[in-house]
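Below is one structure, written out as structure tokens; comments come after it.
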Amino acid sequence: MREVAIIASAQADNTSTTTSTPVEMLIPVIQQVLANASMTKTDIGFWCHGSCDYMTGQPFSFVSAVDALGAWPPIIESHVEADGAFALYEAWLKIQTGEIDTALVFGNGRSSSGDINRILTLQLDPYVVGPLWPDDRSIAAMQARACLESGVVTERAMAEVAQRSHRNALTNPKALRRGDHSIEALMAAQLVADPLRELDCPAHADGVTAVIIAAGDRARSLADRPAWIRGIDHRIESQNLGNRSMTTLPSAALAAHKAGVANDKIDVAELHAPYSHQELLLTSALGLSESTTINPSGGALCANPMMSAGLARFAEAATRVMNGTADRAIGHASSGAWMQQNLVCVLEGE
């Protein structure tokens, strides 16, 4: 296997709404990540994009997004209809083939283009569940209630996740939502989808994330301390909710095992858990201990730009490895109802 590392990243400021087109959103972030790596477009061997046509509201919208990359020089480009983190997985595989040594990966989404809770209904089983039009928040509330009734989580533990996340976001200029809330105030807040309260739910945002990865000595020449991808794995559970556990995340546990999470101590874990109870389930599935710092950026509870939030977790984890505040970190991305898909990446310094 070829050594591959994240060597630079950039993120847009997350906003609750924007009048910018996808191209206008992408251009400054792509320029910034190239500048952060001291690279030009000609230095990039492969470009891979993650986005969703349903959110943009037009078919093949990802084709127009290529305009953000410019007409020259000619490029090799690919697209995944998913979060940018899954595009990073494709780019990592492309480097493994030996065809390229560098790749720029980016993900973008405008959650404000429509009712995101309704849009996410379209990812459900189209024959039995989808026609009932349960929104994303209600589906997550069903899972949270099952977890509470089974004793897997408690309302106080959920409030503690929300408190820590929003407090961590105070130091993250990219976060959409932040604050210092007491546990009592969080638990007394009005229910929005029983048993979920507003700050138990994701802060849906419009945003962009871009990351550059490189192989071996090329990575070493581009960054003082690359964040090496020592393990990466993607697992998927059934789309049929009736076949799924509501209180465990077997796909996350398997991905963590295959990626080698348990091989050594994890200093930082950036987890793409859109709801507070899901972070608790994910922490358990990954086997993380209390010594691991969870979501120092605030995570998806404080900024959840669709198609970009998972890649943002990779970027945040890599940043902490590259700046020396962590030796070993996890970047995680999820997709689907009840975190149907889980992508786990272990990053290490050298």
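The chains in the structure tokens are called A, B, ... from first to last as shown; in each chain the residues are counted from 1, and the ligands are counted from 1 in the order shown.
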
Test item: residues at most 12 Å from Arg167 of chain A, only C-alpha atoms, excluding those fewer than 4 positions along its chain, as a list in words: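 Those residues are Glu160, Val161, Ala162, Gln163, Thr171, Asn172, Ala175, Arg177, Arg178, Gly179, Asp180, His181, Ser182, Ile183, Leu199, Asn295, Pro296, Ser297, Gly298, Gly299, Leu301 and Cys302 of chain A.
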
May I have the selected residues written with N, CA and C atoms, as a compact mmCIF listing (two decimals), in the first residue's frame?
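New file part-v9.txt:
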```txt
# COMPACT_ATOMS: atom_id res chain seq x y z
N GLU A 160 -25.08 16.70 27.93
CA GLU A 160 -23.63 16.91 28.12
C GLU A 160 -22.91 16.98 26.78
N VAL A 161 -23.35 16.16 25.81
CA VAL A 161 -22.77 16.22 24.47
C VAL A 161 -23.05 17.58 23.85
N ALA A 162 -24.31 18.04 23.94
CA ALA A 162 -24.68 19.34 23.38
C ALA A 162 -23.91 20.47 24.06
N GLN A 163 -23.76 20.39 25.38
CA GLN A 163 -23.03 21.42 26.11
C GLN A 163 -21.58 21.50 25.66
N THR A 171 -14.41 28.47 20.08
CA THR A 171 -13.08 28.76 19.54
C THR A 171 -12.97 28.39 18.06
N ASN A 172 -14.08 28.03 17.43
CA ASN A 172 -14.08 27.65 16.02
C ASN A 172 -14.77 28.74 15.20
N ALA A 175 -17.76 27.72 12.86
CA ALA A 175 -19.00 27.18 13.41
C ALA A 175 -20.17 28.12 13.14
N ARG A 177 -23.14 27.67 14.99
CA ARG A 177 -23.83 27.80 16.27
C ARG A 177 -22.84 27.52 17.38
N ARG A 178 -22.86 28.32 18.42
CA ARG A 178 -21.94 28.14 19.55
C ARG A 178 -22.56 28.76 20.79
N GLY A 179 -22.02 28.43 21.96
CA GLY A 179 -22.54 29.03 23.19
C GLY A 179 -22.13 28.23 24.41
N ASP A 180 -22.27 28.85 25.56
CA ASP A 180 -21.95 28.21 26.84
C ASP A 180 -23.26 28.02 27.59
N HIS A 181 -23.80 26.79 27.54
CA HIS A 181 -25.12 26.51 28.11
C HIS A 181 -24.97 25.58 29.31
N SER A 182 -25.81 25.77 30.30
CA SER A 182 -25.80 24.88 31.46
C SER A 182 -26.58 23.61 31.11
N ILE A 183 -26.26 22.53 31.80
CA ILE A 183 -26.98 21.27 31.59
C ILE A 183 -28.45 21.46 31.92
N LEU A 199 -30.89 21.97 20.45
CA LEU A 199 -29.43 21.84 20.46
C LEU A 199 -28.95 20.39 20.47
N ASN A 295 -14.71 15.83 19.12
CA ASN A 295 -15.19 17.02 18.41
C ASN A 295 -14.74 18.35 19.03
N PRO A 296 -13.44 18.60 19.07
CA PRO A 296 -12.98 19.90 19.57
C PRO A 296 -13.44 21.06 18.70
N SER A 297 -13.88 20.78 17.48
CA SER A 297 -14.40 21.82 16.60
C SER A 297 -15.85 22.17 16.89
N GLY A 298 -16.53 21.31 17.66
CA GLY A 298 -17.96 21.47 17.88
C GLY A 298 -18.78 20.47 17.09
N GLY A 299 -18.21 19.96 16.00
CA GLY A 299 -18.89 18.91 15.25
C GLY A 299 -20.14 19.38 14.52
N LEU A 301 -23.20 19.28 15.39
CA LEU A 301 -24.21 19.99 16.19
C LEU A 301 -24.05 21.50 16.04
N CYS A 302 -22.86 21.94 15.66
CA CYS A 302 -22.59 23.37 15.57
C CYS A 302 -22.43 23.86 14.14
```

Skip Val344 of chain A itself and residues of its chain fewer than 6 positions away, then list as a PDB file with N, CA and C atoms, in the first residue's frame all residues within 12 Å of it, counting only C-alpha atoms.
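part_16.pdb was written with the following content:
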```pdb
ATOM      1  N   ALA A  85     -16.165  13.545   2.025  1.00  0.00           N
ATOM      2  CA  ALA A  85     -15.312  12.527   2.656  1.00  0.00           C
ATOM      3  C   ALA A  85     -15.269  11.259   1.817  1.00  0.00           C
ATOM      4  N   PHE A  86     -16.382  10.926   1.171  1.00  0.00           N
ATOM      5  CA  PHE A  86     -16.415   9.740   0.324  1.00  0.00           C
ATOM      6  C   PHE A  86     -15.655   9.988  -0.981  1.00  0.00           C
ATOM      7  N   LEU A  88     -12.950  11.760  -0.916  1.00  0.00           N
ATOM      8  CA  LEU A  88     -11.571  11.562  -0.454  1.00  0.00           C
ATOM      9  C   LEU A  88     -11.205  10.082  -0.512  1.00  0.00           C
ATOM     10  N   TYR A  89     -12.141   9.217  -0.154  1.00  0.00           N
ATOM     11  CA  TYR A  89     -11.893   7.770  -0.218  1.00  0.00           C
ATOM     12  C   TYR A  89     -11.586   7.352  -1.648  1.00  0.00           C
ATOM     13  N   ILE A 229      -2.666   8.862   6.483  1.00  0.00           N
ATOM     14  CA  ILE A 229      -3.842   7.991   6.549  1.00  0.00           C
ATOM     15  C   ILE A 229      -3.343   6.566   6.786  1.00  0.00           C
ATOM     16  N   ARG A 230      -3.393   6.115   8.040  1.00  0.00           N
ATOM     17  CA  ARG A 230      -2.882   4.789   8.388  1.00  0.00           C
ATOM     18  C   ARG A 230      -3.928   3.692   8.241  1.00  0.00           C
ATOM     19  N   GLY A 231      -5.180   4.104   8.174  1.00  0.00           N
ATOM     20  CA  GLY A 231      -6.258   3.137   7.968  1.00  0.00           C
ATOM     21  C   GLY A 231      -7.517   3.865   7.553  1.00  0.00           C
ATOM     22  N   ILE A 232      -8.280   3.290   6.618  1.00  0.00           N
ATOM     23  CA  ILE A 232      -9.538   3.900   6.187  1.00  0.00           C
ATOM     24  C   ILE A 232     -10.478   2.790   5.738  1.00  0.00           C
ATOM     25  N   ASP A 233     -11.746   2.881   6.154  1.00  0.00           N
ATOM     26  CA  ASP A 233     -12.699   1.824   5.805  1.00  0.00           C
ATOM     27  C   ASP A 233     -14.118   2.378   5.807  1.00  0.00           C
ATOM     28  N   HIS A 234     -14.939   1.866   4.900  1.00  0.00           N
ATOM     29  CA  HIS A 234     -16.319   2.320   4.711  1.00  0.00           C
ATOM     30  C   HIS A 234     -17.254   1.115   4.760  1.00  0.00           C
ATOM     31  N   ARG A 235     -18.264   1.189   5.626  1.00  0.00           N
ATOM     32  CA  ARG A 235     -19.236   0.088   5.759  1.00  0.00           C
ATOM     33  C   ARG A 235     -20.659   0.639   5.704  1.00  0.00           C
ATOM     34  N   ILE A 236     -21.562  -0.182   5.177  1.00  0.00           N
ATOM     35  CA  ILE A 236     -22.948   0.238   4.962  1.00  0.00           C
ATOM     36  C   ILE A 236     -23.902  -0.786   5.560  1.00  0.00           C
ATOM     37  N   SER A 251     -22.047  -1.066  11.603  1.00  0.00           N
ATOM     38  CA  SER A 251     -21.207  -0.672  10.472  1.00  0.00           C
ATOM     39  C   SER A 251     -20.052   0.206  10.938  1.00  0.00           C
ATOM     40  N   ALA A 252     -20.298   1.064  11.907  1.00  0.00           N
ATOM     41  CA  ALA A 252     -19.232   1.915  12.451  1.00  0.00           C
ATOM     42  C   ALA A 252     -18.210   1.079  13.198  1.00  0.00           C
ATOM     43  N   ALA A 253     -18.688   0.107  13.965  1.00  0.00           N
ATOM     44  CA  ALA A 253     -17.779  -0.757  14.725  1.00  0.00           C
ATOM     45  C   ALA A 253     -16.884  -1.556  13.786  1.00  0.00           C
ATOM     46  N   LEU A 254     -17.463  -2.075  12.685  1.00  0.00           N
ATOM     47  CA  LEU A 254     -16.679  -2.858  11.728  1.00  0.00           C
ATOM     48  C   LEU A 254     -15.676  -1.975  10.994  1.00  0.00           C
ATOM     49  N   ALA A 255     -16.101  -0.785  10.588  1.00  0.00           N
ATOM     50  CA  ALA A 255     -15.196   0.143   9.904  1.00  0.00           C
ATOM     51  C   ALA A 255     -14.034   0.529  10.815  1.00  0.00           C
ATOM     52  N   ALA A 256     -14.329   0.752  12.090  1.00  0.00           N
ATOM     53  CA  ALA A 256     -13.281   1.106  13.052  1.00  0.00           C
ATOM     54  C   ALA A 256     -12.278  -0.031  13.203  1.00  0.00           C
ATOM     55  N   HIS A 257     -12.797  -1.260  13.249  1.00  0.00           N
ATOM     56  CA  HIS A 257     -11.922  -2.436  13.367  1.00  0.00           C
ATOM     57  C   HIS A 257     -11.017  -2.557  12.146  1.00  0.00           C
ATOM     58  N   LYS A 258     -11.599  -2.412  10.963  1.00  0.00           N
ATOM     59  CA  LYS A 258     -10.825  -2.562   9.728  1.00  0.00           C
ATOM     60  C   LYS A 258      -9.809  -1.431   9.556  1.00  0.00           C
ATOM     61  N   ALA A 259     -10.140  -0.242  10.075  1.00  0.00           N
ATOM     62  CA  ALA A 259      -9.236   0.903   9.945  1.00  0.00           C
ATOM     63  C   ALA A 259      -8.131   0.893  10.995  1.00  0.00           C
ATOM     64  N   GLY A 260      -8.265   0.031  12.006  1.00  0.00           N
ATOM     65  CA  GLY A 260      -7.224  -0.082  13.022  1.00  0.00           C
ATOM     66  C   GLY A 260      -7.320   0.929  14.146  1.00  0.00           C
ATOM     67  N   VAL A 261      -8.538   1.357  14.463  1.00  0.00           N
ATOM     68  CA  VAL A 261      -8.716   2.349  15.531  1.00  0.00           C
ATOM     69  C   VAL A 261      -8.126   1.870  16.850  1.00  0.00           C
ATOM     70  N   ALA A 269     -10.897  12.723  18.183  1.00  0.00           N
ATOM     71  CA  ALA A 269     -11.842  12.104  17.254  1.00  0.00           C
ATOM     72  C   ALA A 269     -12.836  13.160  16.791  1.00  0.00           C
ATOM     73  N   GLU A 270     -12.818  13.412  15.489  1.00  0.00           N
ATOM     74  CA  GLU A 270     -13.808  14.307  14.886  1.00  0.00           C
ATOM     75  C   GLU A 270     -14.887  13.428  14.263  1.00  0.00           C
ATOM     76  N   LEU A 271     -16.044  13.390  14.913  1.00  0.00           N
ATOM     77  CA  LEU A 271     -17.104  12.459  14.546  1.00  0.00           C
ATOM     78  C   LEU A 271     -18.271  13.191  13.887  1.00  0.00           C
ATOM     79  N   HIS A 272     -18.709  12.681  12.752  1.00  0.00           N
ATOM     80  CA  HIS A 272     -19.848  13.272  12.058  1.00  0.00           C
ATOM     81  C   HIS A 272     -21.132  12.643  12.593  1.00  0.00           C
ATOM     82  N   LEU A 282     -21.865   6.385  18.602  1.00  0.00           N
ATOM     83  CA  LEU A 282     -20.652   6.293  17.790  1.00  0.00           C
ATOM     84  C   LEU A 282     -19.407   6.144  18.662  1.00  0.00           C
ATOM     85  N   ALA A 285     -19.344   2.588  19.645  1.00  0.00           N
ATOM     86  CA  ALA A 285     -19.037   1.694  18.527  1.00  0.00           C
ATOM     87  C   ALA A 285     -17.560   1.731  18.161  1.00  0.00           C
ATOM     88  N   LEU A 286     -16.935   2.892  18.297  1.00  0.00           N
ATOM     89  CA  LEU A 286     -15.525   3.024  17.954  1.00  0.00           C
ATOM     90  C   LEU A 286     -14.606   2.604  19.097  1.00  0.00           C
ATOM     91  N   GLY A 310     -18.829  15.889   6.626  1.00  0.00           N
ATOM     92  CA  GLY A 310     -17.953  14.734   6.851  1.00  0.00           C
ATOM     93  C   GLY A 310     -16.512  15.047   6.490  1.00  0.00           C
ATOM     94  N   LEU A 311     -16.308  15.692   5.340  1.00  0.00           N
ATOM     95  CA  LEU A 311     -14.959  16.081   4.937  1.00  0.00           C
ATOM     96  C   LEU A 311     -14.382  17.093   5.912  1.00  0.00           C
ATOM     97  N   ARG A 313     -14.829  17.019   9.075  1.00  0.00           N
ATOM     98  CA  ARG A 313     -14.313  16.251  10.211  1.00  0.00           C
ATOM     99  C   ARG A 313     -12.898  15.733   9.901  1.00  0.00           C
ATOM    100  N   PHE A 314     -12.685  15.309   8.665  1.00  0.00           N
ATOM    101  CA  PHE A 314     -11.347  14.864   8.249  1.00  0.00           C
ATOM    102  C   PHE A 314     -10.372  16.034   8.323  1.00  0.00           C
ATOM    103  N   ALA A 317      -9.573  16.943  12.006  1.00  0.00           N
ATOM    104  CA  ALA A 317      -8.695  15.940  12.616  1.00  0.00           C
ATOM    105  C   ALA A 317      -7.278  16.069  12.073  1.00  0.00           C
ATOM    106  N   ALA A 329      -5.385  10.560  15.364  1.00  0.00           N
ATOM    107  CA  ALA A 329      -6.738  11.118  15.345  1.00  0.00           C
ATOM    108  C   ALA A 329      -7.635  10.318  14.419  1.00  0.00           C
ATOM    109  N   ILE A 330      -8.942  10.497  14.618  1.00  0.00           N
ATOM    110  CA  ILE A 330      -9.945   9.870  13.762  1.00  0.00           C
ATOM    111  C   ILE A 330     -10.715  10.954  13.023  1.00  0.00           C
ATOM    112  N   GLY A 331     -10.874  10.746  11.717  1.00  0.00           N
ATOM    113  CA  GLY A 331     -11.827  11.512  10.935  1.00  0.00           C
ATOM    114  C   GLY A 331     -12.957  10.573  10.557  1.00  0.00           C
ATOM    115  N   HIS A 332     -14.189  11.005  10.749  1.00  0.00           N
ATOM    116  CA  HIS A 332     -15.339  10.120  10.528  1.00  0.00           C
ATOM    117  C   HIS A 332     -16.406  10.851   9.720  1.00  0.00           C
ATOM    118  N   ALA A 333     -17.041  10.133   8.821  1.00  0.00           N
ATOM    119  CA  ALA A 333     -18.165  10.674   8.064  1.00  0.00           C
ATOM    120  C   ALA A 333     -19.300   9.657   8.064  1.00  0.00           C
ATOM    121  N   SER A 334     -20.517  10.167   8.069  1.00  0.00           N
ATOM    122  CA  SER A 334     -21.685   9.282   8.048  1.00  0.00           C
ATOM    123  C   SER A 334     -22.673   9.761   7.000  1.00  0.00           C
TER     124      SER A 334
END
```

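With distances restricted to only C-alpha atoms, A:Ile294 is the closest residue to Ser165 of chain A from A:Met187, A:Ile294, A:Leu280, A:Leu93.
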
Spatial neighbours of Cys48 of chain A, max dist 8 Å, only C-alpha atoms, sep filter under 2 positions, as a ChimeraX atom specification: /A:46,50,77-80,87-88,90-91,103-106

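With distances restricted to only C-alpha atoms, A:Glu316 is the closest residue to Ala8 of chain A from A:Glu198, A:Asp53, A:Glu316, A:Asp101.
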
Strand (DSSP E or B) residues, from DSSP on the backbone, in segment 34-255 of chain A, as a PyMOL selection string: chain A and resi 47-50+77-80+102-110+191-193+196-197+204-215+227-236

Sel. of helix (DSSP H, G or I) residues, segment 180-295 of chain A, as a PyMOL selection string: chain A and resi 183-188+198-200+216-222+241-243+250-259+261-263+276-286

Nearest residue to Gly324 of chain A from the set A:Gln31, A:Met339, A:Met307, A:Pro226 (distances using only C-alpha atoms): A:Pro226

Residue among A:Gly130, A:Pro202, A:Gln123, A:Ser276 lying closest to Arg164 of chain A, counting only C-alpha atoms: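 Using only C-alpha atoms, the shortest distance to Arg164 of chain A belongs to A:Ser276.
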
Long-range neighbours of Gly107 of chain A as a ChimeraX atom specification, 6 Å cut-off, only C-alpha atoms, 2 positions minimum in chain: /A:49-51,84,208-209,307-308

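Nearest to Ala141 of chain A of all the residues A:Arg244, A:Lys41, A:His277, A:Lys94 is A:His277, based on only C-alpha atoms.
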
Pick from A:Ala210, A:Val4, A:Leu120, A:Ala273, whichever lies nearest to Met25 of chain A using only C-alpha atoms: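 Comparing A:Ala210, A:Val4, A:Leu120, A:Ala273 against Met25 of chain A, the winner is A:Ala210.
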